[in-house]
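Engineer: What follows is a single structure, and I will ask about it in a moment.
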Amino acid sequence: MSLSEQYEKHHRERRDEGDFVFVPERIPFFQSAIGRGKRVLDLGCRSGAFTRHFLDGNEVVGLDVDRVALEKAAELGIEPVVANVEDPLPFEDASFDVVVAGELFEHLRFPQAVVAEARRVLRPGGVLVGSVPNAFRVQSRLSFLRGRPPEGDPTHLHLFSPAAVRSLLADFDDVRIAFVGGRYRRLHARLLARDLVFSALQP
């Protein structure tokens, strides 16, 4: 089974054909960080279910290994590119204003290599914006104490804390992290938020 087929099977079985956005509270953060009038690269965009929230006013290229999902993305006006995000990106240096990595890094074998590629294709002053699950929230810790995996998704290869995100983005400037999602997040964001949302500036 090809990588594309594996991800299509996974998303169809677990995520209502891959179109469900787990933490919609991410949307305002992404929209603010991206702005308008930008050339945007969305890594792992799938069908564009999340991408469509920052499509208006921007030129968006969506990269994914899933051809079926990209057909849906193209219908929204996203320029589709079929490629594996862990291969060298098929774009010239300094060709994008923004690179988006929403719920991506946790799935990668070598996220640092993808971050390096994002830096290569970003223009000076460009923005990397993305999100990862808050893997060290209370729910995950309790699961671990019960002898269960802290993350139930078998495609998650990395667990991220705020410190791990900052380490991953160490070569960027002005790294910002927000805690979003979760019914009780206001009580203790670090322990109860579902997602870590981040932005970082290309030097």
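If you're wondering about the labels, chains in the structure tokens are A, B, ... by order shown, residues count from 1 in each chain, ligands from 1 in order shown.
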For Phe160 (chain A), please output as JSON, numbers by chain all residues within 12 Å (counting only C-alpha atoms; exclusion window: fewer than 5 positions along the same chain).

Structural biologist: {"A": [103, 104, 105, 106, 107, 111, 131, 132, 133, 134, 135, 136, 137, 140, 150, 151, 165, 166, 167, 168, 190, 194, 195, 196, 197, 198]}

Engineer: Residues as selected, C-alpha atoms, written as a PDB file, in the first residue's frame, can you do that?

Structural biologist:
ATOM      1  CA  GLU A 103      -1.391  19.421  12.826  1.00  0.00           C
ATOM      2  CA  LEU A 104       1.587  18.205  10.821  1.00  0.00           C
ATOM      3  CA  PHE A 105       4.825  17.936  12.791  1.00  0.00           C
ATOM      4  CA  GLU A 106       3.532  15.194  15.104  1.00  0.00           C
ATOM      5  CA  HIS A 107       3.102  12.928  12.057  1.00  0.00           C
ATOM      6  CA  PRO A 111      10.155  17.318  11.652  1.00  0.00           C
ATOM      7  CA  SER A 131      -0.221  23.760  15.431  1.00  0.00           C
ATOM      8  CA  VAL A 132       0.435  20.481  17.209  1.00  0.00           C
ATOM      9  CA  PRO A 133      -1.550  18.584  19.847  1.00  0.00           C
ATOM     10  CA  ASN A 134      -0.721  19.550  23.407  1.00  0.00           C
ATOM     11  CA  ALA A 135       0.627  16.079  24.137  1.00  0.00           C
ATOM     12  CA  PHE A 136       1.430  16.787  27.799  1.00  0.00           C
ATOM     13  CA  ARG A 137      -2.027  17.947  28.852  1.00  0.00           C
ATOM     14  CA  SER A 140      -2.615  12.487  28.084  1.00  0.00           C
ATOM     15  CA  PRO A 150      -0.750   9.226  25.773  1.00  0.00           C
ATOM     16  CA  GLU A 151      -1.920   9.696  22.176  1.00  0.00           C
ATOM     17  CA  VAL A 165       8.070  23.493  19.877  1.00  0.00           C
ATOM     18  CA  ARG A 166      10.479  26.295  20.758  1.00  0.00           C
ATOM     19  CA  SER A 167      13.433  23.961  20.267  1.00  0.00           C
ATOM     20  CA  LEU A 168      12.102  22.899  16.858  1.00  0.00           C
ATOM     21  CA  ARG A 190      -0.791  24.570  29.772  1.00  0.00           C
ATOM     22  CA  ARG A 194      -5.953  20.639  23.422  1.00  0.00           C
ATOM     23  CA  ASP A 195      -3.596  22.339  20.972  1.00  0.00           C
ATOM     24  CA  LEU A 196      -0.405  24.390  20.858  1.00  0.00           C
ATOM     25  CA  VAL A 197      -0.655  26.986  18.082  1.00  0.00           C
ATOM     26  CA  PHE A 198       2.537  28.756  17.051  1.00  0.00           C
TER      27      PHE A 198
END

Engineer: Would you mind listing what lies within 8 Å of Gly37 (chain A) as a PyMOL selection string, with only C-alpha atoms counted and same-chain residues fewer than 3 positions away left out?

Structural biologist: chain A and resi 57-59

Engineer: Out of region 43-149 of chain A, which residues get alpha helix (DSSP H) from DSSP, as a PyMOL selection string?

Structural biologist: chain A and resi 67-75+111-121+138-145

Engineer: Emit the selected residues as a PDB file, in the first residue's frame, including N, CA and C atoms.

Structural biologist:
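Result file follows (selection-v3.pdb):
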ATOM      1  N   ARG A  67      -3.866  12.190  -3.168  1.00  0.00           N
ATOM      2  CA  ARG A  67      -4.402  12.728  -4.421  1.00  0.00           C
ATOM      3  C   ARG A  67      -5.905  12.951  -4.355  1.00  0.00           C
ATOM      4  N   VAL A  68      -6.626  12.038  -3.716  1.00  0.00           N
ATOM      5  CA  VAL A  68      -8.087  12.159  -3.628  1.00  0.00           C
ATOM      6  C   VAL A  68      -8.468  13.418  -2.851  1.00  0.00           C
ATOM      7  N   ALA A  69      -7.788  13.660  -1.732  1.00  0.00           N
ATOM      8  CA  ALA A  69      -8.067  14.851  -0.940  1.00  0.00           C
ATOM      9  C   ALA A  69      -7.731  16.120  -1.715  1.00  0.00           C
ATOM     10  N   LEU A  70      -6.637  16.098  -2.466  1.00  0.00           N
ATOM     11  CA  LEU A  70      -6.226  17.284  -3.216  1.00  0.00           C
ATOM     12  C   LEU A  70      -7.220  17.644  -4.315  1.00  0.00           C
ATOM     13  N   GLU A  71      -7.933  16.670  -4.835  1.00  0.00           N
ATOM     14  CA  GLU A  71      -8.964  16.968  -5.827  1.00  0.00           C
ATOM     15  C   GLU A  71     -10.045  17.860  -5.215  1.00  0.00           C
ATOM     16  N   LYS A  72     -10.395  17.598  -3.958  1.00  0.00           N
ATOM     17  CA  LYS A  72     -11.364  18.440  -3.252  1.00  0.00           C
ATOM     18  C   LYS A  72     -10.783  19.830  -2.998  1.00  0.00           C
ATOM     19  N   ALA A  73      -9.503  19.877  -2.633  1.00  0.00           N
ATOM     20  CA  ALA A  73      -8.854  21.163  -2.365  1.00  0.00           C
ATOM     21  C   ALA A  73      -8.854  22.029  -3.621  1.00  0.00           C
ATOM     22  N   ALA A  74      -8.612  21.425  -4.766  1.00  0.00           N
ATOM     23  CA  ALA A  74      -8.570  22.180  -6.018  1.00  0.00           C
ATOM     24  C   ALA A  74      -9.917  22.814  -6.334  1.00  0.00           C
ATOM     25  N   GLU A  75     -11.004  22.148  -5.950  1.00  0.00           N
ATOM     26  CA  GLU A  75     -12.342  22.690  -6.177  1.00  0.00           C
ATOM     27  C   GLU A  75     -12.578  23.975  -5.395  1.00  0.00           C
ATOM     28  N   PRO A 111      10.748  15.982  11.765  1.00  0.00           N
ATOM     29  CA  PRO A 111      10.155  17.318  11.652  1.00  0.00           C
ATOM     30  C   PRO A 111      11.186  18.425  11.474  1.00  0.00           C
ATOM     31  N   GLN A 112      12.396  18.254  12.032  1.00  0.00           N
ATOM     32  CA  GLN A 112      13.406  19.299  11.898  1.00  0.00           C
ATOM     33  C   GLN A 112      13.795  19.501  10.435  1.00  0.00           C
ATOM     34  N   ALA A 113      13.810  18.432   9.644  1.00  0.00           N
ATOM     35  CA  ALA A 113      14.148  18.551   8.230  1.00  0.00           C
ATOM     36  C   ALA A 113      13.071  19.327   7.483  1.00  0.00           C
ATOM     37  N   VAL A 114      11.812  19.130   7.850  1.00  0.00           N
ATOM     38  CA  VAL A 114      10.713  19.856   7.206  1.00  0.00           C
ATOM     39  C   VAL A 114      10.748  21.324   7.599  1.00  0.00           C
ATOM     40  N   VAL A 115      11.093  21.604   8.845  1.00  0.00           N
ATOM     41  CA  VAL A 115      11.246  22.994   9.276  1.00  0.00           C
ATOM     42  C   VAL A 115      12.354  23.677   8.483  1.00  0.00           C
ATOM     43  N   ALA A 116      13.436  22.971   8.238  1.00  0.00           N
ATOM     44  CA  ALA A 116      14.531  23.537   7.454  1.00  0.00           C
ATOM     45  C   ALA A 116      14.082  23.846   6.026  1.00  0.00           C
ATOM     46  N   GLU A 117      13.267  22.976   5.447  1.00  0.00           N
ATOM     47  CA  GLU A 117      12.736  23.220   4.111  1.00  0.00           C
ATOM     48  C   GLU A 117      11.768  24.408   4.113  1.00  0.00           C
ATOM     49  N   ALA A 118      10.975  24.519   5.178  1.00  0.00           N
ATOM     50  CA  ALA A 118      10.074  25.672   5.301  1.00  0.00           C
ATOM     51  C   ALA A 118      10.875  26.963   5.324  1.00  0.00           C
ATOM     52  N   ARG A 119      11.975  26.975   6.054  1.00  0.00           N
ATOM     53  CA  ARG A 119      12.835  28.164   6.086  1.00  0.00           C
ATOM     54  C   ARG A 119      13.395  28.472   4.709  1.00  0.00           C
ATOM     55  N   ARG A 120      13.761  27.433   3.974  1.00  0.00           N
ATOM     56  CA  ARG A 120      14.346  27.645   2.646  1.00  0.00           C
ATOM     57  C   ARG A 120      13.365  28.322   1.697  1.00  0.00           C
ATOM     58  N   VAL A 121      12.094  27.920   1.733  1.00  0.00           N
ATOM     59  CA  VAL A 121      11.124  28.454   0.767  1.00  0.00           C
ATOM     60  C   VAL A 121      10.476  29.748   1.252  1.00  0.00           C
ATOM     61  N   VAL A 138      -3.279  17.206  30.782  1.00  0.00           N
ATOM     62  CA  VAL A 138      -3.653  16.290  31.859  1.00  0.00           C
ATOM     63  C   VAL A 138      -4.240  14.994  31.312  1.00  0.00           C
ATOM     64  N   GLN A 139      -5.089  15.093  30.320  1.00  0.00           N
ATOM     65  CA  GLN A 139      -5.733  13.894  29.784  1.00  0.00           C
ATOM     66  C   GLN A 139      -4.698  12.885  29.273  1.00  0.00           C
ATOM     67  N   SER A 140      -3.661  13.370  28.596  1.00  0.00           N
ATOM     68  CA  SER A 140      -2.615  12.487  28.084  1.00  0.00           C
ATOM     69  C   SER A 140      -1.798  11.892  29.230  1.00  0.00           C
ATOM     70  N   ARG A 141      -1.526  12.704  30.254  1.00  0.00           N
ATOM     71  CA  ARG A 141      -0.752  12.211  31.391  1.00  0.00           C
ATOM     72  C   ARG A 141      -1.505  11.128  32.154  1.00  0.00           C
ATOM     73  N   LEU A 142      -2.803  11.317  32.328  1.00  0.00           N
ATOM     74  CA  LEU A 142      -3.606  10.307  33.013  1.00  0.00           C
ATOM     75  C   LEU A 142      -3.674   9.019  32.207  1.00  0.00           C
ATOM     76  N   SER A 143      -3.755   9.150  30.905  1.00  0.00           N
ATOM     77  CA  SER A 143      -3.762   7.968  30.046  1.00  0.00           C
ATOM     78  C   SER A 143      -2.468   7.180  30.203  1.00  0.00           C
ATOM     79  N   PHE A 144      -1.354   7.900  30.262  1.00  0.00           N
ATOM     80  CA  PHE A 144      -0.054   7.254  30.435  1.00  0.00           C
ATOM     81  C   PHE A 144       0.013   6.544  31.785  1.00  0.00           C
ATOM     82  N   LEU A 145      -0.518   7.169  32.842  1.00  0.00           N
ATOM     83  CA  LEU A 145      -0.492   6.564  34.166  1.00  0.00           C
ATOM     84  C   LEU A 145      -1.334   5.292  34.227  1.00  0.00           C
TER      85      LEU A 145
END

Engineer: Using Å and a single decimal, report how far CA of Phe29 (chain A) sits from CA of Glu79 (chain A).

Structural biologist: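 Rounded to one decimal, the two atoms are 22.8 Å apart.
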
Engineer: Need the shell around Arg123 (chain A): protein/DNA/RNA residues with any atom at most 7 Å away, counting only C-alpha atoms. Skip same-chain ones fewer than 3 positions apart. Format as a list in words?

Structural biologist: Ala94, Ser95, Phe96, Asp97 and Gly126 of chain A

Engineer: Just write the chosen residues, C-alpha atoms, as a tab-separated table (two decimals), in the first residue's frame.

Structural biologist:
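Dumped to again33.tsv:
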chain	number	residue	atom	x	y	z
A	94	ALA	CA	12.28	32.36	-0.91
A	95	SER	CA	9.10	31.78	-2.93
A	96	PHE	CA	6.41	32.07	-0.20
A	97	ASP	CA	5.32	34.69	2.33
A	126	GLY	CA	7.99	35.45	6.16

Engineer: Residues near Val61 (chain A), anyone? I mean within 7 Å using only C-alpha atoms, not counting same-chain ones fewer than 2 positions away, as a compact mmCIF listing (two decimals) with N, CA and C atoms, in the first residue's frame.

Structural biologist:
# COMPACT_ATOMS: atom_id res chain seq x y z
N VAL A 40 0.88 31.69 0.00
CA VAL A 40 0.87 30.78 1.14
C VAL A 40 1.08 29.35 0.68
N LEU A 41 1.93 28.63 1.38
CA LEU A 41 2.11 27.20 1.16
C LEU A 41 1.55 26.46 2.36
N ASP A 42 0.53 25.63 2.12
CA ASP A 42 -0.06 24.83 3.19
C ASP A 42 0.43 23.39 3.06
N GLU A 59 -3.09 33.81 -2.27
CA GLU A 59 -2.79 32.79 -3.27
C GLU A 59 -2.23 31.59 -2.51
N LEU A 63 -0.02 21.38 -0.53
CA LEU A 63 0.81 20.21 -0.80
C LEU A 63 0.35 19.05 0.06
N ILE A 78 -7.64 26.15 -4.35
CA ILE A 78 -6.28 25.90 -3.87
C ILE A 78 -5.48 25.25 -4.99
N GLU A 79 -4.27 25.73 -5.23
CA GLU A 79 -3.40 25.12 -6.24
C GLU A 79 -2.82 23.83 -5.67
N PRO A 80 -3.19 22.66 -6.20
CA PRO A 80 -2.74 21.40 -5.61
C PRO A 80 -1.37 20.96 -6.10

Engineer: Counting only C-alpha atoms, which residues of region 84-155 of chain A sit at most 9 Å from some atom of region 43-49 of chain A, and what is each one's closest atom pair with its distance in Å to one decimal, listed by chain and rising residue number, as a Markdown table?

Structural biologist:
| residue | atom | partner | partner_atom | distance |
| --- | --- | --- | --- | --- |
| A:Asn84 | CA | A:Gly44 | CA | 8.6 |
| A:Val85 | CA | A:Leu43 | CA | 6.7 |
| A:Val99 | CA | A:Leu43 | CA | 7.3 |
| A:Val100 | CA | A:Leu43 | CA | 5.9 |
| A:Ala101 | CA | A:Leu43 | CA | 5.4 |
| A:Gly102 | CA | A:Leu43 | CA | 7.7 |
| A:Glu103 | CA | A:Gly44 | CA | 8.5 |
| A:Leu104 | CA | A:Gly44 | CA | 6.7 |

Engineer: Quick one: of A:Gly125, A:Asp64, A:His53, A:Leu157, who's nearest to Phe110 (chain A), counting only C-alpha atoms?

Structural biologist: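 Under the stated criterion, the closest residue is A:Leu157.
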
Engineer: Mind checking which residues fall within 9 Å of Gly77 (chain A), counting only C-alpha atoms, ignoring those fewer than 6 positions away in the same chain, and posting them as a PyMOL selection string?

Structural biologist: chain A and resi 52+55+59-60

Engineer: May I ask which of the residues A:Ala200, A:Leu108, A:Leu122, A:Val175 is the closest one to Leu159 (chain A), counting only C-alpha atoms?

Structural biologist: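 Between A:Ala200, A:Leu108, A:Leu122, A:Val175, the residue approaching Leu159 (chain A) most closely is A:Leu108.
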
Engineer: Would you mind telling me which residue in A:Arg36, A:Gly62, A:Pro154, A:Ala193 lies nearest to Leu89 (chain A) when using only C-alpha atoms?

Structural biologist: A:Gly62

Engineer: Using only C-alpha atoms, find the one residue out of A:Asp56, A:Val98, A:Val180, A:Glu92 that sits nearest to Pro28 (chain A).

Structural biologist: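 Smallest distance to Pro28 (chain A) is found for A:Val180.
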
Engineer: Skipping near chain neighbours, those fewer than 5 positions away, what residues fall within 9 Å of Phe54 (chain A) using only C-alpha atoms, listed as a list of chain:residue names?

Structural biologist: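 In the requested format, the answer is A:Ile27, A:Phe30, A:Gln31, A:Ile34, A:Gly35, A:Arg36, A:Val60.
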
Engineer: Quick check for you: according to DSSP on this backbone, which residues of region 20-178 of chain A are classed as strand (DSSP E)? Reply as number ranges by chain.

Structural biologist: A: 39-43, 59-64, 79-82, 96-102, 122-133, 173-178

Engineer: Go ahead and write the selection's residues with C-alpha atoms as a CSV table (one decimal), in the first residue's frame.

Structural biologist:
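Saved file result_34.csv follows:
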chain,number,residue,atom,x,y,z
A,39,ARG,CA,1.5,33.7,-1.2
A,40,VAL,CA,0.9,30.8,1.1
A,41,LEU,CA,2.1,27.2,1.2
A,42,ASP,CA,-0.1,24.8,3.2
A,43,LEU,CA,1.9,21.6,4.0
A,59,GLU,CA,-2.8,32.8,-3.3
A,60,VAL,CA,-2.6,29.4,-1.6
A,61,VAL,CA,-0.7,26.3,-2.8
A,62,GLY,CA,-1.7,23.1,-1.0
A,63,LEU,CA,0.8,20.2,-0.8
A,64,ASP,CA,-0.3,16.7,0.2
A,79,GLU,CA,-3.4,25.1,-6.2
A,80,PRO,CA,-2.7,21.4,-5.6
A,81,VAL,CA,0.7,19.9,-5.5
A,82,VAL,CA,1.1,16.1,-5.0
A,96,PHE,CA,6.4,32.1,-0.2
A,97,ASP,CA,5.3,34.7,2.3
A,98,VAL,CA,3.8,32.1,4.7
A,99,VAL,CA,4.2,28.4,5.3
A,100,VAL,CA,1.4,26.6,7.2
A,101,ALA,CA,1.9,23.4,9.1
A,102,GLY,CA,-1.4,22.7,10.8
A,122,LEU,CA,10.1,31.4,3.0
A,123,ARG,CA,11.0,34.9,2.0
A,124,PRO,CA,12.9,37.1,4.6
A,125,GLY,CA,10.3,38.3,7.1
A,126,GLY,CA,8.0,35.5,6.2
A,127,VAL,CA,5.9,33.5,8.7
A,128,LEU,CA,5.7,29.9,9.7
A,129,VAL,CA,2.4,29.2,11.4
A,130,GLY,CA,1.1,25.9,12.6
A,131,SER,CA,-0.2,23.8,15.4
A,132,VAL,CA,0.4,20.5,17.2
A,133,PRO,CA,-1.5,18.6,19.8
A,173,ASP,CA,12.7,34.9,15.4
A,174,ASP,CA,9.8,36.0,17.6
A,175,VAL,CA,8.3,32.5,18.3
A,176,ARG,CA,4.9,32.8,19.8
A,177,ILE,CA,2.8,29.9,21.3
A,178,ALA,CA,-0.8,30.0,22.2

Engineer: Do you have the CA of Val65 (chain A)-CA of Asp87 (chain A) distance handy?

Structural biologist: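 So the answer is 10.6 Å.
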
Engineer: Between CA of Phe179 (chain A) and CA of Ser32 (chain A), what distance in Å does the model show, to one decimal?

Structural biologist: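 Taking CA of Phe179 (chain A) as the start and CA of Ser32 (chain A) as the end point, the length is 15.3 Å.
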